[in-house]
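File shown: model.txt (compact mmCIF, C-alpha atoms and all ligand atoms).
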# COMPACT_ATOMS: atom_id res chain seq x y z
CA MET A 983 29.61 -8.88 13.72
CA SER A 984 28.47 -5.95 11.57
CA ALA A 985 26.83 -2.87 13.08
CA PRO A 986 23.08 -3.10 13.66
CA ARG A 987 20.89 -1.88 10.81
CA ARG A 988 19.25 1.34 11.99
CA ILE A 989 15.57 1.23 11.10
CA SER A 990 12.40 3.29 11.51
CA VAL A 991 8.79 2.17 11.17
CA LEU A 992 6.20 4.73 10.08
CA GLY A 993 2.74 3.39 10.86
CA ALA A 994 4.17 1.02 13.48
CA THR A 995 0.81 0.17 15.07
CA GLY A 996 -0.81 -1.01 11.83
CA SER A 997 -0.95 -4.43 10.24
CA VAL A 998 2.24 -3.98 8.18
CA GLY A 999 4.02 -2.05 10.95
CA LEU A 1000 3.36 -4.82 13.48
CA ALA A 1001 4.41 -7.54 11.03
CA THR A 1002 7.67 -5.64 10.48
CA LEU A 1003 8.32 -5.36 14.21
CA ASP A 1004 7.50 -9.04 14.65
CA LEU A 1005 10.43 -9.84 12.34
CA VAL A 1006 12.65 -7.45 14.26
CA ARG A 1007 11.63 -9.11 17.53
CA ARG A 1008 12.62 -12.55 16.19
CA ALA A 1009 15.93 -11.48 14.64
CA PRO A 1010 19.16 -12.20 16.55
CA GLN A 1011 20.00 -9.57 19.17
CA GLY A 1012 21.98 -6.71 17.67
CA THR A 1013 20.64 -7.13 14.11
CA PHE A 1014 18.48 -4.01 14.26
CA GLU A 1015 18.40 -0.80 16.20
CA ILE A 1016 15.17 1.23 16.17
CA VAL A 1017 15.42 4.91 15.39
CA ALA A 1018 11.79 6.06 15.15
CA LEU A 1019 8.32 4.56 15.59
CA THR A 1020 5.21 6.47 14.57
CA ALA A 1021 1.45 6.05 14.74
CA HIS A 1022 -1.63 8.18 14.19
CA ARG A 1023 -3.50 8.28 17.49
CA ASN A 1024 -3.15 4.81 18.99
CA VAL A 1025 -1.09 6.12 21.91
CA GLU A 1026 -1.31 2.96 23.97
CA GLY A 1027 -0.21 0.71 21.12
CA LEU A 1028 2.65 3.04 20.25
CA ALA A 1029 3.78 3.33 23.87
CA ASP A 1030 3.82 -0.46 24.26
CA LEU A 1031 5.98 -0.79 21.15
CA ALA A 1032 8.26 2.01 22.30
CA ARG A 1033 8.78 0.33 25.68
CA GLU A 1034 9.63 -2.92 23.93
CA PHE A 1035 11.87 -1.58 21.15
CA SER A 1036 13.35 1.58 22.79
CA PRO A 1037 13.42 3.83 19.73
CA GLU A 1038 15.15 7.20 19.90
CA ILE A 1039 11.77 8.84 19.24
CA ALA A 1040 8.08 7.88 19.23
CA VAL A 1041 5.71 10.15 17.33
CA ALA A 1042 1.93 10.39 17.23
CA ALA A 1043 0.84 12.17 14.05
CA ASP A 1044 -2.31 13.47 15.73
CA PRO A 1045 -1.43 16.79 17.40
CA GLN A 1046 -3.94 16.06 20.20
CA CYS A 1047 -1.96 13.05 21.43
CA GLY A 1048 1.18 14.80 22.65
CA SER A 1049 0.63 14.80 26.42
CA ALA A 1050 -0.92 11.31 26.51
CA LEU A 1051 2.13 9.93 24.71
CA SER A 1052 4.68 11.74 26.85
CA ASP A 1053 2.81 10.62 30.01
CA ALA A 1054 2.74 7.03 28.77
CA LEU A 1055 6.47 7.04 28.15
CA ALA A 1056 7.54 9.10 31.17
CA GLY A 1057 10.57 7.59 32.88
CA THR A 1058 11.83 5.89 29.71
CA SER A 1059 14.66 7.12 27.49
CA VAL A 1060 12.28 7.52 24.53
CA ARG A 1061 11.79 11.08 23.28
CA THR A 1062 8.18 11.78 22.29
CA ALA A 1063 6.61 14.28 19.91
CA CYS A 1064 3.36 14.77 18.05
CA GLY A 1065 1.87 16.44 15.01
CA PRO A 1066 2.59 16.40 11.28
CA ASP A 1067 5.94 18.22 11.51
CA ALA A 1068 7.21 15.79 14.14
CA LEU A 1069 6.14 12.91 11.89
CA ILE A 1070 8.18 14.30 9.00
CA GLU A 1071 11.14 14.96 11.27
CA ALA A 1072 11.04 11.37 12.54
CA ALA A 1073 10.82 10.03 8.99
CA GLY A 1074 13.90 12.01 7.98
CA MET A 1075 16.06 10.85 10.89
CA ASP A 1076 19.31 9.09 10.25
CA ALA A 1077 18.20 5.49 9.55
CA ASP A 1078 19.53 2.93 7.06
CA TRP A 1079 16.08 1.53 6.34
CA VAL A 1080 12.60 2.97 6.78
CA MET A 1081 9.29 1.14 6.53
CA ALA A 1082 6.60 3.44 5.07
CA ALA A 1083 3.43 1.76 6.36
CA ILE A 1084 1.11 4.69 6.97
CA VAL A 1085 -2.21 4.21 5.21
CA GLY A 1086 -3.35 6.79 2.68
CA SER A 1087 -1.95 9.92 1.14
CA ALA A 1088 -1.61 11.17 4.73
CA GLY A 1089 1.70 9.30 4.57
CA LEU A 1090 3.00 11.03 1.46
CA MET A 1091 5.19 13.71 3.02
CA ALA A 1092 6.58 11.35 5.67
CA SER A 1093 7.38 8.67 3.08
CA ALA A 1094 9.05 11.32 0.92
CA ALA A 1095 11.05 12.66 3.89
CA ALA A 1096 12.51 9.17 4.32
CA LEU A 1097 14.09 9.31 0.84
CA ARG A 1098 17.62 10.07 2.00
CA PRO A 1099 20.96 9.49 0.27
CA GLY A 1100 22.11 5.90 0.72
CA ALA A 1101 18.99 4.92 2.70
CA ALA A 1102 16.48 2.26 1.71
CA LEU A 1103 12.76 2.98 1.84
CA ALA A 1104 10.53 -0.07 2.07
CA ILE A 1105 7.23 1.17 0.71
CA ALA A 1106 3.92 -0.36 1.71
CA ASN A 1107 2.07 2.97 1.53
CA LYS A 1108 0.77 2.45 -2.03
CA GLU A 1109 -1.51 5.49 -1.89
CA CYS A 1110 1.48 7.80 -1.98
CA LEU A 1111 2.63 6.17 -5.24
CA VAL A 1112 -0.87 6.39 -6.70
CA CYS A 1113 -1.06 10.02 -5.66
CA SER A 1114 2.30 11.10 -7.05
CA GLY A 1115 4.47 8.11 -7.79
CA ASP A 1116 6.31 9.53 -10.79
CA LEU A 1117 7.47 12.47 -8.70
CA PHE A 1118 8.17 10.15 -5.77
CA MET A 1119 10.41 7.85 -7.80
CA GLN A 1120 12.12 10.80 -9.46
CA THR A 1121 12.81 12.26 -6.00
CA ALA A 1122 14.22 8.92 -4.83
CA ARG A 1123 16.60 8.80 -7.79
CA ALA A 1124 17.65 12.42 -7.36
CA ARG A 1125 18.40 11.86 -3.66
CA GLY A 1126 20.13 8.51 -4.16
CA ALA A 1127 17.63 6.54 -2.06
CA THR A 1128 16.61 2.95 -2.85
CA VAL A 1129 12.90 2.13 -3.01
CA LEU A 1130 11.99 -1.45 -2.04
CA PRO A 1131 8.40 -2.52 -2.81
CA VAL A 1132 6.57 -4.20 0.09
CA ASP A 1133 3.16 -4.77 -1.47
CA SER A 1134 3.29 -8.54 -2.05
CA GLU A 1135 2.71 -8.42 -5.82
CA HIS A 1136 5.25 -5.65 -6.36
CA ASN A 1137 7.72 -7.31 -4.09
CA ALA A 1138 7.32 -10.45 -6.23
CA ILE A 1139 8.00 -8.45 -9.39
CA PHE A 1140 10.98 -6.78 -7.73
CA GLN A 1141 12.41 -10.20 -6.90
CA ALA A 1142 11.78 -11.59 -10.42
CA LEU A 1143 12.95 -8.54 -12.34
CA ARG A 1144 16.61 -8.76 -13.32
CA ASP A 1145 18.02 -5.29 -13.94
CA GLU A 1146 20.19 -6.47 -16.80
CA HIS A 1147 17.10 -7.93 -18.54
CA ARG A 1148 14.79 -4.96 -18.05
CA GLY A 1149 14.83 -4.09 -21.74
CA HIS A 1150 13.40 -7.54 -22.50
CA VAL A 1151 10.38 -7.41 -20.19
CA SER A 1152 7.28 -7.94 -22.34
CA ARG A 1153 4.78 -7.71 -19.47
CA ILE A 1154 4.27 -8.22 -15.78
CA THR A 1155 1.27 -9.85 -14.12
CA LEU A 1156 -0.10 -8.94 -10.72
CA THR A 1157 -2.30 -11.55 -9.09
CA ALA A 1158 -5.48 -10.62 -7.21
CA SER A 1159 -7.23 -12.78 -4.64
CA GLY A 1160 -10.55 -11.45 -5.93
CA GLY A 1161 -11.59 -10.45 -2.40
CA PRO A 1162 -14.61 -11.72 -0.48
CA PHE A 1163 -17.08 -11.14 -3.35
CA ARG A 1164 -15.17 -12.85 -6.12
CA ASP A 1165 -18.03 -15.26 -6.81
CA TRP A 1166 -20.99 -13.19 -5.62
CA PRO A 1167 -23.70 -12.40 -8.18
CA ALA A 1168 -24.03 -8.71 -9.08
CA ASP A 1169 -27.46 -8.24 -7.44
CA ARG A 1170 -26.18 -9.43 -4.08
CA MET A 1171 -23.31 -6.94 -4.07
CA ALA A 1172 -25.56 -3.90 -3.62
CA GLY A 1173 -26.41 -5.07 -0.11
CA VAL A 1174 -22.87 -5.75 1.07
CA THR A 1175 -22.31 -4.72 4.69
CA ARG A 1176 -19.20 -3.41 6.36
CA ARG A 1177 -18.77 -6.78 8.03
CA ASP A 1178 -19.04 -8.73 4.74
CA ALA A 1179 -16.51 -6.43 3.13
CA LEU A 1180 -13.98 -6.65 5.95
CA ALA A 1181 -13.96 -10.46 5.88
CA HIS A 1182 -11.09 -11.05 3.49
CA PRO A 1183 -10.75 -14.73 2.55
CA VAL A 1184 -6.93 -14.83 2.53
CA TRP A 1185 -5.16 -11.77 3.96
CA GLU A 1186 -5.57 -10.10 7.35
CA MET A 1187 -5.06 -6.41 6.80
CA GLY A 1188 -6.04 -2.91 7.87
CA GLU A 1189 -9.62 -1.79 7.21
CA LYS A 1190 -8.93 0.53 4.28
CA ILE A 1191 -7.03 -2.00 2.18
CA SER A 1192 -9.58 -4.70 3.07
CA ILE A 1193 -12.37 -2.58 1.56
CA ASP A 1194 -10.15 -1.82 -1.44
CA SER A 1195 -9.69 -5.56 -1.94
CA ALA A 1196 -13.44 -6.09 -1.79
CA THR A 1197 -14.12 -3.49 -4.51
CA MET A 1198 -10.94 -4.57 -6.32
CA MET A 1199 -9.86 -0.92 -6.33
CA ASN A 1200 -6.84 -2.34 -4.54
CA LYS A 1201 -5.75 -4.00 -7.78
CA GLY A 1202 -6.46 -0.79 -9.69
CA LEU A 1203 -4.23 1.10 -7.26
CA GLU A 1204 -1.64 -1.64 -7.66
CA VAL A 1205 -1.57 -1.38 -11.47
CA ILE A 1206 -0.79 2.33 -11.04
CA GLU A 1207 1.73 1.52 -8.30
CA ALA A 1208 3.48 -0.99 -10.60
CA CYS A 1209 3.76 1.43 -13.54
CA ARG A 1210 5.31 4.02 -11.26
CA LEU A 1211 7.64 1.70 -9.34
CA PHE A 1212 8.97 -0.12 -12.38
CA ASP A 1213 8.57 2.63 -14.99
CA LEU A 1214 6.32 0.49 -17.19
CA ALA A 1215 3.66 1.44 -19.72
CA PRO A 1216 0.13 0.58 -18.48
CA ALA A 1217 -0.35 -1.90 -21.33
CA LYS A 1218 2.51 -3.98 -19.94
CA VAL A 1219 0.79 -4.53 -16.58
CA ASP A 1220 -1.73 -7.36 -16.45
CA VAL A 1221 -4.00 -8.59 -13.67
CA VAL A 1222 -5.17 -12.15 -13.12
CA VAL A 1223 -7.43 -13.38 -10.33
CA HIS A 1224 -5.81 -16.14 -8.30
CA PRO A 1225 -7.92 -16.97 -5.24
CA GLN A 1226 -5.25 -18.91 -3.33
CA SER A 1227 -2.76 -15.98 -3.34
CA ILE A 1228 0.26 -18.24 -3.66
CA VAL A 1229 1.76 -16.85 -6.87
CA HIS A 1230 2.16 -13.14 -6.13
CA GLY A 1231 3.54 -11.69 -9.32
CA LEU A 1232 5.09 -12.75 -12.63
CA VAL A 1233 7.52 -11.19 -15.08
CA GLU A 1234 7.36 -12.32 -18.69
CA TYR A 1235 10.41 -11.77 -20.88
CA GLY A 1236 10.53 -11.49 -24.67
CA ASP A 1237 11.85 -15.02 -25.06
CA GLY A 1238 8.71 -16.44 -23.41
CA SER A 1239 10.35 -17.13 -20.04
CA VAL A 1240 8.14 -16.24 -17.08
CA LEU A 1241 9.69 -15.72 -13.65
CA ALA A 1242 7.35 -15.68 -10.68
CA GLN A 1243 7.64 -15.40 -6.91
CA LEU A 1244 5.55 -17.77 -4.80
CA GLY A 1245 4.94 -18.09 -1.09
CA THR A 1246 2.22 -18.60 1.47
CA PRO A 1247 0.11 -15.46 1.98
CA ASP A 1248 1.99 -13.91 4.90
CA MET A 1249 3.16 -10.30 4.63
CA ARG A 1250 6.22 -11.15 6.70
CA ILE A 1251 7.70 -12.82 3.59
CA PRO A 1252 7.78 -9.71 1.37
CA ILE A 1253 8.60 -7.49 4.35
CA ALA A 1254 11.56 -9.72 5.27
CA SER A 1255 12.89 -9.57 1.74
CA THR A 1256 13.09 -5.77 2.04
CA LEU A 1257 14.29 -5.79 5.65
CA ALA A 1258 17.27 -8.01 4.82
CA TRP A 1259 17.80 -6.62 1.31
CA PRO A 1260 20.08 -7.28 -0.52
CA GLU A 1261 20.55 -10.33 1.72
CA ARG A 1262 17.89 -12.77 2.99
CA MET A 1263 16.67 -13.50 6.50
CA GLU A 1264 14.62 -16.21 8.21
CA THR A 1265 10.89 -15.82 8.88
CA PRO A 1266 8.44 -18.07 10.74
CA ALA A 1267 6.02 -17.94 7.79
CA GLU A 1268 4.37 -21.21 6.87
CA ARG A 1269 6.27 -23.05 4.11
CA LEU A 1270 4.71 -23.66 0.73
CA ASP A 1271 3.57 -27.25 0.21
CA LEU A 1272 2.47 -27.52 -3.43
CA ALA A 1273 1.44 -31.18 -3.23
CA ARG A 1274 -0.87 -30.38 -0.31
CA LEU A 1275 -2.35 -27.42 -2.18
CA SER A 1276 -2.67 -29.70 -5.22
CA ARG A 1277 -4.06 -26.97 -7.46
CA LEU A 1278 -3.81 -23.28 -8.20
CA ASP A 1279 -6.60 -21.44 -10.00
CA PHE A 1280 -6.45 -18.42 -12.27
CA GLU A 1281 -9.25 -16.42 -13.91
CA THR A 1282 -9.87 -13.11 -15.65
CA PRO A 1283 -11.29 -10.32 -13.45
CA ASP A 1284 -14.96 -9.57 -14.16
CA PRO A 1285 -15.18 -5.97 -15.44
CA GLU A 1286 -18.95 -5.80 -14.87
CA ARG A 1287 -18.98 -6.59 -11.17
CA PHE A 1288 -15.60 -4.94 -10.52
CA PRO A 1289 -15.44 -1.70 -12.54
CA ALA A 1290 -12.67 -0.31 -10.28
CA LEU A 1291 -9.92 -1.74 -12.44
CA ARG A 1292 -11.18 0.09 -15.51
CA VAL A 1293 -11.64 3.34 -13.56
CA ALA A 1294 -8.08 3.13 -12.24
CA ARG A 1295 -6.65 2.39 -15.67
CA GLU A 1296 -8.49 5.37 -17.16
CA ALA A 1297 -7.03 7.64 -14.48
CA LEU A 1298 -3.58 6.20 -15.16
CA GLU A 1299 -3.90 7.07 -18.86
CA HIS A 1300 -4.81 10.64 -17.84
CA GLY A 1301 -1.73 11.08 -15.67
CA GLU A 1302 -0.69 11.95 -12.16
CA GLY A 1303 -3.35 14.61 -11.52
CA ALA A 1304 -6.08 12.07 -12.24
CA THR A 1305 -4.52 9.29 -10.16
CA ALA A 1306 -4.12 11.70 -7.23
CA ALA A 1307 -7.81 12.57 -7.52
CA LEU A 1308 -8.75 8.89 -7.87
CA ASN A 1309 -6.86 8.00 -4.74
CA ALA A 1310 -8.27 10.84 -2.65
CA ALA A 1311 -11.85 10.19 -3.78
CA ASN A 1312 -11.43 6.51 -3.01
CA GLU A 1313 -10.10 7.24 0.49
CA VAL A 1314 -13.10 9.46 1.21
CA ALA A 1315 -15.59 6.96 -0.22
CA VAL A 1316 -14.08 4.03 1.68
CA ALA A 1317 -14.18 6.01 4.94
CA ALA A 1318 -17.82 6.91 4.24
CA PHE A 1319 -18.68 3.25 3.61
CA LEU A 1320 -16.90 2.19 6.82
CA ALA A 1321 -18.86 4.87 8.71
CA GLY A 1322 -22.14 3.54 7.28
CA ARG A 1323 -22.74 6.69 5.20
CA THR A 1324 -22.76 5.05 1.75
CA GLY A 1325 -23.46 1.71 0.15
CA PHE A 1326 -20.77 -0.61 -1.13
CA LEU A 1327 -21.43 0.04 -4.81
CA ASP A 1328 -21.33 3.82 -4.18
CA ILE A 1329 -17.60 3.61 -3.47
CA VAL A 1330 -16.37 3.09 -7.01
CA ARG A 1331 -19.27 5.08 -8.46
CA THR A 1332 -18.24 8.09 -6.36
CA VAL A 1333 -14.61 7.75 -7.48
CA GLU A 1334 -15.67 7.72 -11.11
CA ASP A 1335 -18.02 10.70 -10.64
CA VAL A 1336 -15.34 12.73 -8.84
CA LEU A 1337 -12.90 12.08 -11.68
CA SER A 1338 -15.33 13.15 -14.38
CA ALA A 1339 -16.43 16.24 -12.39
CA MET A 1340 -12.83 17.34 -11.89
CA ASP A 1341 -11.93 16.60 -15.48
CA ARG A 1342 -14.81 18.80 -16.68
CA ARG A 1343 -13.82 21.70 -14.44
CA GLU A 1344 -10.07 21.82 -14.96
CA THR A 1345 -7.08 20.32 -16.71
CA LEU A 1346 -5.56 17.78 -14.38
CA PRO A 1347 -1.75 17.83 -14.77
CA LYS A 1348 -0.04 14.90 -16.50
CA ARG A 1349 2.91 15.15 -14.13
CA PHE A 1350 3.53 16.92 -10.84
CA SER A 1351 6.65 18.94 -10.34
CA ALA A 1352 6.21 19.38 -6.56
CA PHE A 1353 4.45 17.42 -3.82
CA ASP A 1354 2.42 20.54 -2.95
CA GLU A 1355 0.65 20.24 -6.32
CA ALA A 1356 -0.26 16.64 -5.49
CA LEU A 1357 -1.54 17.61 -2.04
CA ASP A 1358 -3.59 20.41 -3.59
CA ILE A 1359 -5.38 18.03 -5.99
CA ASP A 1360 -5.76 15.52 -3.17
CA ALA A 1361 -7.49 18.15 -1.02
CA ARG A 1362 -9.76 19.32 -3.84
CA ALA A 1363 -10.79 15.78 -4.79
CA ARG A 1364 -11.63 15.13 -1.14
CA ARG A 1365 -13.95 18.15 -1.10
CA VAL A 1366 -15.71 17.05 -4.31
CA ALA A 1367 -16.08 13.50 -2.96
CA ASP A 1368 -17.40 14.78 0.37
CA GLU A 1369 -20.04 16.88 -1.37
CA MET A 1370 -21.14 13.96 -3.54
CA ILE A 1371 -21.40 11.62 -0.59
CA GLY A 1372 -23.26 14.27 1.38
CA ARG A 1373 -25.82 14.51 -1.42
CA LEU A 1374 -26.05 10.73 -1.68
CA SER A 1375 -26.75 10.28 2.02
CA ALA A 1376 -29.21 13.20 2.02
CA SER A 1377 -31.16 11.62 -0.85
CA SER A 1378 -31.26 8.19 0.79
CA ALA A 1379 -32.20 9.55 4.26
P1 LIG B 1401 -3.44 -0.15 9.12
O1 LIG B 1401 -4.69 0.64 9.08
O2 LIG B 1401 -3.43 -1.46 9.81
O3 LIG B 1401 -2.27 0.76 9.76
C1 LIG B 1401 -2.03 2.05 9.34
C2 LIG B 1401 -0.94 2.71 10.16
O4 LIG B 1401 -0.84 4.09 9.74
C3 LIG B 1401 -1.21 2.75 11.66
O5 LIG B 1401 0.00 2.68 12.36
C4 LIG B 1401 -1.84 4.13 11.87
O6 LIG B 1401 -1.62 4.62 13.18
C5 LIG B 1401 -1.08 4.96 10.86
N1 LIG B 1401 -1.88 6.07 10.36
C6 LIG B 1401 -3.18 6.04 9.96
N2 LIG B 1401 -3.58 7.27 9.57
C7 LIG B 1401 -2.52 8.09 9.75
C8 LIG B 1401 -2.32 9.48 9.56
N3 LIG B 1401 -3.31 10.28 9.12
N4 LIG B 1401 -1.11 10.00 9.84
C9 LIG B 1401 -0.11 9.22 10.30
N5 LIG B 1401 -0.24 7.89 10.52
C10 LIG B 1401 -1.44 7.35 10.24
O7 LIG B 1401 -2.98 -0.30 7.61
P2 LIG B 1401 -2.13 -1.49 6.95
O8 LIG B 1401 -3.04 -2.57 6.52
O9 LIG B 1401 -0.95 -1.79 7.79
O10 LIG B 1401 -1.65 -0.78 5.60
C11 LIG B 1401 -0.61 0.20 5.59
C12 LIG B 1401 -0.24 0.47 4.13
O11 LIG B 1401 0.32 -0.73 3.59
C13 LIG B 1401 -1.43 0.82 3.25
O12 LIG B 1401 -1.03 1.75 2.29
C14 LIG B 1401 -1.77 -0.50 2.57
O13 LIG B 1401 -2.37 -0.32 1.31
C15 LIG B 1401 -0.40 -1.12 2.43
N6 LIG B 1401 -0.42 -2.60 2.36
C16 LIG B 1401 -0.90 -3.32 3.40
C17 LIG B 1401 -0.92 -4.71 3.34
C18 LIG B 1401 -1.44 -5.54 4.50
O14 LIG B 1401 -1.32 -6.76 4.45
N7 LIG B 1401 -1.98 -4.96 5.54
C19 LIG B 1401 -0.48 -5.35 2.19
C20 LIG B 1401 0.00 -4.59 1.13
C21 LIG B 1401 0.04 -3.20 1.23
MG MG B 1402 -1.05 -6.20 -2.76
Could you write out this file's structure as structure tokens?
Ligand code: NAD
Ligand code: MG
Amino acid sequence: MSAPRRISVLGATGSVGLATLDLVRRAPQGTFEIVALTAHRNVEGLADLAREFSPEIAVAADPQCGSALSDALAGTSVRTACGPDALIEAAGMDADWVMAAIVGSAGLMASAAALRPGAALAIANKECLVCSGDLFMQTARARGATVLPVDSEHNAIFQALRDEHRGHVSRITLTASGGPFRDWPADRMAGVTRRDALAHPVWEMGEKISIDSATMMNKGLEVIEACRLFDLAPAKVDVVVHPQSIVHGLVEYGDGSVLAQLGTPDMRIPIASTLAWPERMETPAERLDLARLSRLDFETPDPERFPALRVAREALEHGEGATAALNAANEVAVAAFLAGRTGFLDIVRTVEDVLSAMDRRETLPKRFSAFDEALDIDARARRVADEMIGRLSASSA
């Protein structure tokens, strides 16, 4: 038997983190060995996972959680630590495979720290690619790390993209479920509540990505993510709405051949393909039964009701500075919506306003040469977004 694959899970207590650990739990004994598990401030959830999986270290990113975590794991062999530096240290530990499943650009430095020579980084944390994906991919190449896309559409493309045929790719297509408001009339969307927006018809996910799916900013972020991951021009990345979420992504070659990856909507399928990469492994995911499904539908996204795709594409044309600002503004606006401080339609409007305000004030860089530059724009866009949302809520109070 070969040595266990040494793995770490950043964002272990989240939807993707838990799905990853579910696969580990079901794998034959001795397949995996856990190096590090991290969370933000869900100490109880992290401690439960640490007791079950006995990692070398468990880290809470929130500096306030240190004593609660060490108390919870007292008497076990698990080392505990907290705070942003501990998170980065855990990410950079000697693992063969790291799952980057922190949500938001808060995960950027940890995801980047996991780019180590010979190691594989399974990346779910799309925000870090939207924030500074060109630099991220360049860093991965320079360090000799392999990046494996986890996002279901990108994982589909990764599976359908043959390296030796890369020069013949004419376009790729990402499918979108369309979210909970796919068929809602425009006038109804102004009154969307937090509860409406969190009720995704197909996928069960964390709150932030659920809201992004509802505005369709998720697909905008994913177009940017795809260009960065696969080094493609924006014009070569298409989006089609496919409510059943069975076909996840398609690669069209110059000869007219289209290769797609299909599967039931269960994140354990794409995660497993990265966890076993370059091999395959078993998952308990429901099998695809095409005759029972009987039909698959496809439609063009509606640019009127879902302007997020256009806003994201415009930022992508501008470059990395603009996509970093787009991502940060979106994170702030989504958090404000979840906290009941803004309306649903204000989310994308705020993102667009932040981008034009920043573009008027300064020249946003086309490319970053260091992650600090990305974090600086991220912080400034957050301040601009905060001010705008503050004014919005003051005027509606
Ligand atoms: P989630 O909210 O369920 O989990 C997020 C995880 O990150 C948790 O473990 C949390 O403790 C940790 N975290 C949150 N804020 C943090 C911070 N400031 N510092 C350190 N850790 C922090 O999110 P999720 O749905 O699992 O999504 C994770 C990432 O994967 C996101 O980037 C999302 O876009 C992407 N993704 C998710 C899915 C899905 O099905 N859930 C699908 C595709 C892509
Ligand atoms: Mg996706």
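Take the candidates A:Glu1264, A:Arg1164, A:Asn1312, A:Thr1175 and check each one against Asp1284 in chain A using all atoms listed in the file; the shortest distance goes to A:Arg1164.
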Around the point (-3.4, 10.4, 24.0) (coordinates from the file), which residues reach within 12 Å if we count all atoms listed in the file? Answer as a PyMOL selection string. chain A and resi 1021-1029+1041-1055+1062-1064
Limited to C-alpha atoms, could you put the picked residues into a file as a PDB file, in the coordinates of the input?
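Result file is selection34.pdb:
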ATOM      1  CA  ALA A1021       1.450   6.050  14.740  1.00  0.00           C
ATOM      2  CA  HIS A1022      -1.630   8.180  14.190  1.00  0.00           C
ATOM      3  CA  ARG A1023      -3.500   8.280  17.490  1.00  0.00           C
ATOM      4  CA  ASN A1024      -3.150   4.810  18.990  1.00  0.00           C
ATOM      5  CA  VAL A1025      -1.090   6.120  21.910  1.00  0.00           C
ATOM      6  CA  GLU A1026      -1.310   2.960  23.970  1.00  0.00           C
ATOM      7  CA  GLY A1027      -0.210   0.710  21.120  1.00  0.00           C
ATOM      8  CA  LEU A1028       2.650   3.040  20.250  1.00  0.00           C
ATOM      9  CA  ALA A1029       3.780   3.330  23.870  1.00  0.00           C
ATOM     10  CA  VAL A1041       5.710  10.150  17.330  1.00  0.00           C
ATOM     11  CA  ALA A1042       1.930  10.390  17.230  1.00  0.00           C
ATOM     12  CA  ALA A1043       0.840  12.170  14.050  1.00  0.00           C
ATOM     13  CA  ASP A1044      -2.310  13.470  15.730  1.00  0.00           C
ATOM     14  CA  PRO A1045      -1.430  16.790  17.400  1.00  0.00           C
ATOM     15  CA  GLN A1046      -3.940  16.060  20.200  1.00  0.00           C
ATOM     16  CA  CYS A1047      -1.960  13.050  21.430  1.00  0.00           C
ATOM     17  CA  GLY A1048       1.180  14.800  22.650  1.00  0.00           C
ATOM     18  CA  SER A1049       0.630  14.800  26.420  1.00  0.00           C
ATOM     19  CA  ALA A1050      -0.920  11.310  26.510  1.00  0.00           C
ATOM     20  CA  LEU A1051       2.130   9.930  24.710  1.00  0.00           C
ATOM     21  CA  SER A1052       4.680  11.740  26.850  1.00  0.00           C
ATOM     22  CA  ASP A1053       2.810  10.620  30.010  1.00  0.00           C
ATOM     23  CA  ALA A1054       2.740   7.030  28.770  1.00  0.00           C
ATOM     24  CA  LEU A1055       6.470   7.040  28.150  1.00  0.00           C
ATOM     25  CA  THR A1062       8.180  11.780  22.290  1.00  0.00           C
ATOM     26  CA  ALA A1063       6.610  14.280  19.910  1.00  0.00           C
ATOM     27  CA  CYS A1064       3.360  14.770  18.050  1.00  0.00           C
TER      28      CYS A1064
END
Determine, counting all atoms listed in the file, every residue of protein, DNA or RNA that lies within 12 Å of (12.6, -7.6, 19.5) in the file coordinates, then give the result as number ranges by chain. A: 1000-1016, 1031-1037
Between chain A and ligand LIG 1401 (chain B), at 7 Å or less, what are the per-residue closest atom pairs and their distances in Å? Count all atoms listed in the file, order by chain and rising residue number, and return it as a tab-separated table.
residue	atom	partner	partner_atom	distance
A:Leu992	CA	B:LIG1401	O5	6.9
A:Gly993	CA	B:LIG1401	O5	3.2
A:Ala994	CA	B:LIG1401	O5	4.6
A:Thr995	CA	B:LIG1401	O5	3.8
A:Gly996	CA	B:LIG1401	O3	3.1
A:Ser997	CA	B:LIG1401	O9	3.6
A:Val998	CA	B:LIG1401	O9	3.9
A:Gly999	CA	B:LIG1401	O9	5.9
A:Thr1020	CA	B:LIG1401	O5	6.8
A:Ala1021	CA	B:LIG1401	O6	3.7
A:His1022	CA	B:LIG1401	O6	3.7
A:Arg1023	CA	B:LIG1401	O6	6.0
A:Asn1024	CA	B:LIG1401	O6	6.0
A:Ala1043	CA	B:LIG1401	C9	4.9
A:Asp1044	CA	B:LIG1401	N4	6.9
A:Ala1083	CA	B:LIG1401	C11	4.4
A:Ile1084	CA	B:LIG1401	O4	3.4
A:Val1085	CA	B:LIG1401	C13	4.0
A:Gly1086	CA	B:LIG1401	O12	5.6
A:Ala1088	CA	B:LIG1401	N3	4.8
A:Gly1089	CA	B:LIG1401	C9	6.0
A:Ala1106	CA	B:LIG1401	O11	4.1
A:Asn1107	CA	B:LIG1401	O12	3.4
A:Lys1108	CA	B:LIG1401	O12	4.7
A:Glu1109	CA	B:LIG1401	O12	5.6
A:Val1132	CA	B:LIG1401	C20	6.7
A:Asp1133	CA	B:LIG1401	C20	4.1
A:Ser1134	CA	B:LIG1401	C20	6.0
A:Trp1185	CA	B:LIG1401	O14	6.3
A:Glu1186	CA	B:LIG1401	O14	6.1
A:Met1187	CA	B:LIG1401	N7	3.6
A:Gly1188	CA	B:LIG1401	O8	3.3
A:Glu1189	CA	B:LIG1401	O1	5.8
A:Lys1190	CA	B:LIG1401	O1	6.4
A:Ile1191	CA	B:LIG1401	O13	5.0
A:Met1249	CA	B:LIG1401	O14	5.7
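CA of Asp1328 in chain A is positioned 9.3 Å from CA of Val1316 in chain A.
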